[in-house]
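K.L.:
Okay, so here is run_29.pdb, and as you'll see once you scroll down, it has PDB, C-alpha atoms and all ligand atoms.
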```pdb
ATOM      1  CA  MET A 215      65.072 -86.981 200.057
ATOM      2  CA  PRO A 216      67.625 -86.779 197.266
ATOM      3  CA  TYR A 217      71.149 -87.504 198.417
ATOM      4  CA  GLY A 218      73.899 -85.015 197.712
ATOM      5  CA  ARG A 219      75.081 -81.571 198.557
ATOM      6  CA  PRO A 220      72.907 -78.637 197.731
ATOM      7  CA  THR A 221      74.957 -76.030 195.946
ATOM      8  CA  LEU A 222      74.483 -72.299 195.597
ATOM      9  CA  VAL A 223      73.307 -71.613 199.104
ATOM     10  CA  GLN A 224      74.867 -68.785 201.108
ATOM     11  CA  ARG A 225      76.618 -70.953 203.625
ATOM     12  CA  SER A 226      76.772 -74.643 204.352
ATOM     13  CA  LEU A 227      78.821 -76.810 206.651
ATOM     14  CA  PHE A 228      79.111 -80.576 206.107
ATOM     15  CA  PHE A 229      80.137 -83.306 208.505
ATOM     16  CA  SER A 230      80.626 -86.888 207.417
ATOM     17  CA  ILE A 231      80.581 -89.884 209.707
ATOM     18  CA  ASP A 232      84.236 -90.576 208.930
ATOM     19  CA  GLY A 233      85.056 -87.250 210.532
ATOM     20  CA  ALA A 234      85.640 -85.306 207.345
ATOM     21  CA  VAL A 235      84.288 -81.798 207.441
ATOM     22  CA  SER A 236      83.894 -79.249 204.663
ATOM     23  CA  ALA A 237      82.171 -75.954 204.083
ATOM     24  CA  ALA A 238      80.918 -73.842 201.214
ATOM     25  CA  VAL A 239      80.190 -70.137 201.116
ATOM     26  CA  ASN A 240      78.204 -68.576 198.301
ATOM     27  CA  GLY A 241      78.539 -71.705 196.229
ATOM     28  CA  LYS A 242      82.317 -71.867 196.649
ATOM     29  CA  ASP A 243      84.078 -74.579 198.657
ATOM     30  CA  LEU A 244      86.201 -73.347 201.500
ATOM     31  CA  SER A 245      89.777 -74.446 200.863
ATOM     32  CA  SER A 246      91.060 -77.212 203.135
ATOM     33  CA  THR A 247      93.955 -74.910 204.084
ATOM     34  CA  HIS A 248      91.643 -72.065 205.166
ATOM     35  CA  PRO A 249      92.457 -70.677 208.647
ATOM     36  CA  PHE A 250      88.905 -71.650 209.666
ATOM     37  CA  TRP A 251      90.046 -75.264 209.922
ATOM     38  CA  GLN A 252      93.130 -74.641 211.991
ATOM     39  CA  ASP A 253      91.619 -76.007 215.227
ATOM     40  CA  ALA A 254      89.425 -78.609 213.611
ATOM     41  CA  GLU A 255      90.364 -82.121 214.644
ATOM     42  CA  LYS A 256      88.999 -84.940 212.621
ATOM     43  CA  THR A 257      86.688 -87.032 214.795
ATOM     44  CA  ALA A 258      85.130 -90.096 213.234
ATOM     45  CA  LEU A 259      81.768 -91.262 214.502
ATOM     46  CA  ASN A 260      81.926 -94.403 216.665
ATOM     47  CA  GLU A 261      80.457 -95.619 219.944
ATOM     48  CA  ASP A 262      82.965 -93.690 222.025
ATOM     49  CA  SER A 263      83.086 -90.498 220.065
ATOM     50  CA  THR A 264      79.445 -89.375 219.940
ATOM     51  CA  LYS A 265      79.844 -86.758 222.674
ATOM     52  CA  GLU A 266      83.159 -85.521 221.311
ATOM     53  CA  LEU A 267      81.790 -85.353 217.781
ATOM     54  CA  SER A 268      78.607 -83.530 218.776
ATOM     55  CA  GLU A 269      80.689 -80.974 220.661
ATOM     56  CA  PHE A 270      82.885 -80.535 217.630
ATOM     57  CA  VAL A 271      79.854 -80.033 215.359
ATOM     58  CA  PHE A 272      78.369 -77.503 217.782
ATOM     59  CA  LYS A 273      81.640 -75.576 218.133
ATOM     60  CA  SER A 274      82.307 -75.561 214.397
ATOM     61  CA  ALA A 275      78.779 -74.388 213.565
ATOM     62  CA  ASN A 276      79.128 -71.521 216.036
ATOM     63  CA  ARG A 277      82.503 -70.493 214.660
ATOM     64  CA  PHE A 278      81.160 -70.698 211.155
ATOM     65  CA  ARG A 279      78.282 -68.397 212.043
ATOM     66  CA  SER A 280      80.561 -65.820 213.624
ATOM     67  CA  HIS A 281      82.683 -65.623 210.467
ATOM     68  CA  GLU A 282      81.812 -62.998 207.863
ATOM     69  CA  VAL A 283      82.167 -62.836 204.112
ATOM     70  CA  CYS A 284      85.240 -60.871 202.988
ATOM     71  CA  GLU A 285      84.289 -57.438 201.670
ATOM     72  CA  GLY A 286      86.896 -57.375 198.925
ATOM     73  CA  VAL A 287      87.717 -53.873 197.657
ATOM     74  CA  GLU A 288      84.745 -51.601 197.028
ATOM     75  CA  ASP A 289      86.878 -48.459 196.589
ATOM     76  CA  PHE A 290      89.015 -47.379 193.641
ATOM     77  CA  ARG A 291      86.506 -48.654 191.094
ATOM     78  CA  GLU A 292      88.222 -46.623 188.348
ATOM     79  CA  VAL A 293      91.290 -48.874 188.553
ATOM     80  CA  TRP A 294      89.639 -52.259 189.254
ATOM     81  CA  LYS A 295      90.380 -53.446 185.739
ATOM     82  CA  THR A 296      94.098 -52.889 186.224
ATOM     83  CA  ALA A 297      94.386 -55.546 188.949
ATOM     84  CA  GLU A 298      95.693 -58.711 187.312
ATOM     85  CA  ASP A 299      94.788 -61.252 189.990
ATOM     86  CA  ALA A 300      91.382 -59.927 190.930
ATOM     87  CA  GLU A 301      87.824 -60.315 189.728
ATOM     88  CA  ILE A 302      84.581 -58.418 190.114
ATOM     89  CA  ASP A 303      82.018 -59.944 192.449
ATOM     90  CA  TYR A 304      78.484 -58.788 191.600
ATOM     91  CA  ASN A 305      77.155 -60.110 194.897
ATOM     92  CA  ARG A 306      74.535 -62.461 193.545
ATOM     93  CA  PHE A 307      74.066 -63.851 197.060
ATOM     94  CA  HIS A 308      73.059 -60.433 198.386
ATOM     95  CA  GLU A 309      75.655 -60.270 201.111
ATOM     96  CA  PRO A 310      74.911 -57.234 203.283
ATOM     97  CA  ARG A 311      78.567 -56.181 203.710
ATOM     98  CA  PHE A 312      79.132 -54.980 200.152
ATOM     99  CA  LYS A 313      77.277 -54.196 196.934
ATOM    100  CA  VAL A 314      79.671 -54.853 194.058
ATOM    101  CA  THR A 315      83.266 -55.470 194.913
ATOM    102  CA  CYS A 316      86.629 -56.397 193.475
ATOM    103  CA  ARG A 317      88.245 -59.376 195.159
ATOM    104  CA  SER A 318      91.443 -61.340 194.798
ATOM    105  CA  THR A 319      91.143 -64.535 192.758
ATOM    106  CA  GLU A 320      92.631 -66.185 195.852
ATOM    107  CA  CYS A 321      90.154 -64.530 198.246
ATOM    108  CA  LEU A 322      89.674 -66.583 201.416
ATOM    109  CA  THR A 323      85.912 -65.787 201.288
ATOM    110  CA  LEU A 324      85.502 -65.907 205.059
ATOM    111  CA  VAL A 325      87.076 -63.580 207.607
ATOM    112  CA  PRO A 326      86.981 -64.291 211.369
ATOM    113  CA  SER A 327      84.635 -61.492 212.462
ATOM    114  CA  LEU A 328      82.731 -58.333 211.571
ATOM    115  CA  LYS A 329      85.749 -56.302 212.656
ATOM    116  CA  VAL A 330      87.845 -57.705 209.819
ATOM    117  CA  LYS A 331      86.912 -56.045 206.548
ATOM    118  CA  ARG A 332      88.816 -58.213 204.121
ATOM    119  CA  CYS A 333      91.097 -61.234 203.896
ATOM    120  CA  SER A 334      94.876 -60.936 203.487
ATOM    121  CA  TYR A 335      94.726 -61.531 199.703
ATOM    122  CA  CYS A 336      92.098 -58.813 199.174
ATOM    123  CA  GLN A 337      94.125 -56.526 201.444
ATOM    124  CA  SER A 338      97.023 -56.858 198.968
ATOM    125  CA  VAL A 339      94.619 -55.980 196.134
ATOM    126  CA  TRP A 340      93.461 -52.963 198.202
ATOM    127  CA  ARG A 341      97.068 -51.752 198.595
ATOM    128  CA  LEU A 342      97.772 -52.165 194.888
ATOM    129  CA  LEU A 343      94.573 -50.388 193.812
ATOM    130  CA  SER A 344      94.984 -47.536 196.285
ATOM    131  CA  LYS A 345      98.489 -46.882 194.876
ATOM    132  CA  ARG A 346      97.255 -47.048 191.290
ATOM    133  CA  SER A 347      94.330 -44.775 192.036
ATOM    134  CA  ALA A 348      96.650 -42.212 193.680
ATOM    135  CA  THR A 349      99.038 -42.334 190.695
ATOM    136  CA  ARG A 350      96.137 -41.830 188.317
ATOM    137  CA  GLU A 351      94.868 -38.814 190.277
ATOM    138  CA  GLY A 352      98.359 -37.306 190.337
ATOM    139  CA  ASP A 353      98.548 -37.971 186.629
ATOM    140  CA  ALA A 354      95.262 -36.188 185.957
ATOM    141  CA  GLN A 355      96.602 -33.108 187.691
ATOM    142  CA  THR A 356      99.701 -32.937 185.469
ATOM    143  CA  PRO A 357      98.925 -30.775 182.421
ATOM    144  CA  GLU A 358      99.190 -32.700 179.173
ATOM    145  CA  ARG A 359     101.989 -30.521 177.759
ATOM    146  CA  LYS A 360     104.180 -31.284 180.781
ATOM    147  CA  LYS A 361     103.728 -35.040 180.606
ATOM    148  CA  ALA A 362     106.481 -37.258 179.246
ATOM    149  CA  TYR A 363     105.650 -38.765 175.844
ATOM    150  CA  LYS A 364     105.357 -42.340 177.188
ATOM    151  CA  TYR A 365     102.553 -41.319 179.609
ATOM    152  CA  LEU A 366     100.338 -39.871 176.891
ATOM    153  CA  ASN A 367      97.432 -41.742 175.330
ATOM    154  CA  THR A 368      97.251 -42.330 171.556
ATOM    155  CA  PRO A 369      95.408 -39.123 170.468
ATOM    156  CA  GLN A 370      97.657 -37.121 172.785
ATOM    157  CA  LYS A 371     100.731 -38.755 171.224
ATOM    158  CA  THR A 372      99.510 -37.876 167.698
ATOM    159  CA  LYS A 373      98.886 -34.315 168.810
ATOM    160  CA  ARG A 374     102.344 -34.137 170.411
ATOM    161  CA  MET A 375     104.031 -35.486 167.251
ATOM    162  CA  LYS A 376     102.205 -32.933 165.083
ATOM    163  CA  GLN A 377     103.289 -30.191 167.451
ATOM    164  CA  ILE A 378     106.897 -31.392 167.306
ATOM    165  CA  SER A 379     106.933 -31.484 163.491
ATOM    166  CA  LYS A 380     105.384 -27.974 163.412
ATOM    167  CA  ASP A 381     108.067 -26.736 165.796
ATOM    168  CA  MET A 382     110.775 -28.357 163.651
ATOM    169  CA  LYS A 383     109.444 -26.653 160.507
ATOM    170  CA  ARG A 384     109.403 -23.312 162.284
ATOM    171  CA  LEU A 385     112.943 -23.840 163.540
ATOM    172  CA  ARG A 386     114.169 -24.833 160.096
ATOM    173  CA  ALA A 387     112.528 -21.760 158.555
ATOM    174  CA  SER A 388     114.074 -19.384 161.072
ATOM    175  CA  ASN A 389     117.391 -21.148 160.610
ATOM    176  CA  GLU A 390     117.173 -20.525 156.861
ATOM    177  CA  ARG A 391     116.351 -16.870 157.488
ATOM    178  CA  LEU A 392     119.366 -16.549 159.763
ATOM    179  CA  LYS A 393     121.638 -18.197 157.191
ATOM    180  CA  ARG A 394     120.458 -15.742 154.501
ATOM    181  CA  LYS A 395     121.160 -12.829 156.818
ATOM    182  CA  VAL A 396     124.696 -14.078 157.461
TER     183      VAL A 396
HETATM  184 ZN    ZN B 401      89.044 -61.612 200.251
END
```
Could you take the file, read its structure, and then write that structure out as structure tokens?
P.N.:
Amino acid sequence: MPYGRPTLVQRSLFFSIDGAVSAAVNGKDLSSTHPFWQDAEKTALNEDSTKELSEFVFKSANRFRSHEVCEGVEDFREVWKTAEDAEIDYNRFHEPRFKVTCRSTECLTLVPSLKVKRCSYCQSVWRLLSKRSATREGDAQTPERKKAYKYLNTPQKTKRMKQISKDMKRLRASNERLKRKV
């Protein structure tokens, strides 16, 4: 059998005889500071530690299985591109929890259970996107003529400038007429 770690599998958990343990989810290594490791105690394999180590492997594998992949943010698709520290995940590993999602570039990948939708980093992205989406909706409801110049897009700005210069001409003309009358 070839030696080495298979990559690009949904989930894998590795134990080495020196007690080091690591995990990968959807081809991405789980960071060594991930909360998943908080109770993990390094146990090297030796004559006295076989029972302890096998218990640790069993416990870790069970915990790993009960964890779920973070859902990221499936809502607010219209503003996904505005999130600076997020990326689109096209779900090439066919995770059942989401189809296509937007997740933080610092996404923790795993969350402790089915009840937790997304990790803390993706939750921040969710808050940001929900605010931006609400602002955009509010914006869409404001008629163009009432919007401040800086909130207009380029064609709207051109149109506004033309309107202003038309208004100025009209004002000047009526001003001239008034002057003549006086
Ligand atoms: Zn996440």
K.L.:
Show me which residues sit within 6 Å of ligand ZN 401 (chain B) when counting only C-alpha atoms and all ligand atoms, and put them as a PyMOL selection string.
P.N.:
chain A and resi 284+286+317-318+321-323+332-333+335-336
K.L.:
Here is a test: counting all atoms listed in the file, which residue of A:Leu267, A:Ala275, A:Met375, A:Ala362 is nearest to Glu255 (chain A)?
P.N.:
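Using all atoms listed in the file, the shortest distance to Glu255 (chain A) belongs to A:Leu267.
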K.L.:
Quick one: pull the distance between CA of His248 (chain A) and CA of Leu342 (chain A), Å, one decimal.
P.N.:
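Between CA of His248 (chain A) and CA of Leu342 (chain A) the gap works out to 23.2 Å.
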K.L.:
Name all residues at most 9 Å from Val293 (chain A) (count only C-alpha atoms; drop same-chain ones fewer than 5 positions away) and give them as a count of residues only.
P.N.:
5
K.L.:
Point out the residue among A:Val339, A:Leu328, A:Leu385, A:Ala234 with the least atom-to-atom distance to Ala258 (chain A), counting all atoms listed in the file.
P.N.:
A:Ala234
K.L.:
State, in Å with one decimal place, the distance from CA of Thr315 (chain A) to CA of Arg225 (chain A).
P.N.:
19.0 Å
K.L.:
Hey, which of A:Glu292, A:Ala300, A:Ser334, A:Arg277 ends up closest to Thr349 (chain A)? Count all atoms listed in the file.
P.N.:
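With all atoms listed in the file as the atom set, the closest residue is A:Glu292.
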K.L.:
Write out as lines of an AutoDock Vina configuration file an axis-aligned box for region 269-282 of chain A: all of its atoms listed in the file, 5 Å added on each side, centre and edge lengths in Å with one decimal.
P.N.:
```
center_x = 80.6
center_y = -72.0
center_z = 214.3
size_x = 14.6
size_y = 28.0
size_z = 22.8
```
K.L.:
Once the PyMOL selection byres (((chain A and resi 250) around 12) and not hetatm) is applied to the coordinates I shared, what remains selected? I want it as a JSON list (two decimals) with C-alpha atoms, in the frame of the given file.
P.N.:
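So the final result, stored in result_24.json, reads:
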```
[["chain", "number", "residue", "atom", "x", "y", "z"],
["A", 227, "LEU", "CA", 78.82, -76.81, 206.65],
["A", 235, "VAL", "CA", 84.29, -81.80, 207.44],
["A", 236, "SER", "CA", 83.89, -79.25, 204.66],
["A", 237, "ALA", "CA", 82.17, -75.95, 204.08],
["A", 238, "ALA", "CA", 80.92, -73.84, 201.21],
["A", 244, "LEU", "CA", 86.20, -73.35, 201.50],
["A", 245, "SER", "CA", 89.78, -74.45, 200.86],
["A", 246, "SER", "CA", 91.06, -77.21, 203.14],
["A", 247, "THR", "CA", 93.96, -74.91, 204.08],
["A", 248, "HIS", "CA", 91.64, -72.06, 205.17],
["A", 249, "PRO", "CA", 92.46, -70.68, 208.65],
["A", 251, "TRP", "CA", 90.05, -75.26, 209.92],
["A", 252, "GLN", "CA", 93.13, -74.64, 211.99],
["A", 253, "ASP", "CA", 91.62, -76.01, 215.23],
["A", 254, "ALA", "CA", 89.42, -78.61, 213.61],
["A", 255, "GLU", "CA", 90.36, -82.12, 214.64],
["A", 273, "LYS", "CA", 81.64, -75.58, 218.13],
["A", 274, "SER", "CA", 82.31, -75.56, 214.40],
["A", 275, "ALA", "CA", 78.78, -74.39, 213.56],
["A", 276, "ASN", "CA", 79.13, -71.52, 216.04],
["A", 277, "ARG", "CA", 82.50, -70.49, 214.66],
["A", 278, "PHE", "CA", 81.16, -70.70, 211.16],
["A", 279, "ARG", "CA", 78.28, -68.40, 212.04],
["A", 280, "SER", "CA", 80.56, -65.82, 213.62],
["A", 281, "HIS", "CA", 82.68, -65.62, 210.47],
["A", 282, "GLU", "CA", 81.81, -63.00, 207.86],
["A", 322, "LEU", "CA", 89.67, -66.58, 201.42],
["A", 323, "THR", "CA", 85.91, -65.79, 201.29],
["A", 324, "LEU", "CA", 85.50, -65.91, 205.06],
["A", 325, "VAL", "CA", 87.08, -63.58, 207.61],
["A", 326, "PRO", "CA", 86.98, -64.29, 211.37],
["A", 327, "SER", "CA", 84.64, -61.49, 212.46]]
```
K.L.:
Distance CA of Thr319 (chain A)-CA of Val287 (chain A), one decimal place?
P.N.:
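The value is 12.2 Å.
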K.L.:
Once the PyMOL selection byres (((chain A and resi 313) around 12) and not hetatm) has been applied to the shown file, what residues remain in the selection, as a list in words?
P.N.:
Glu285, Gly286, Val287, Glu288, Asp289, Ile302, Asp303, Tyr304, Asn305, Arg306, Phe307, His308, Glu309, Pro310, Arg311, Phe312, Val314, Thr315 and Cys316 of chain A
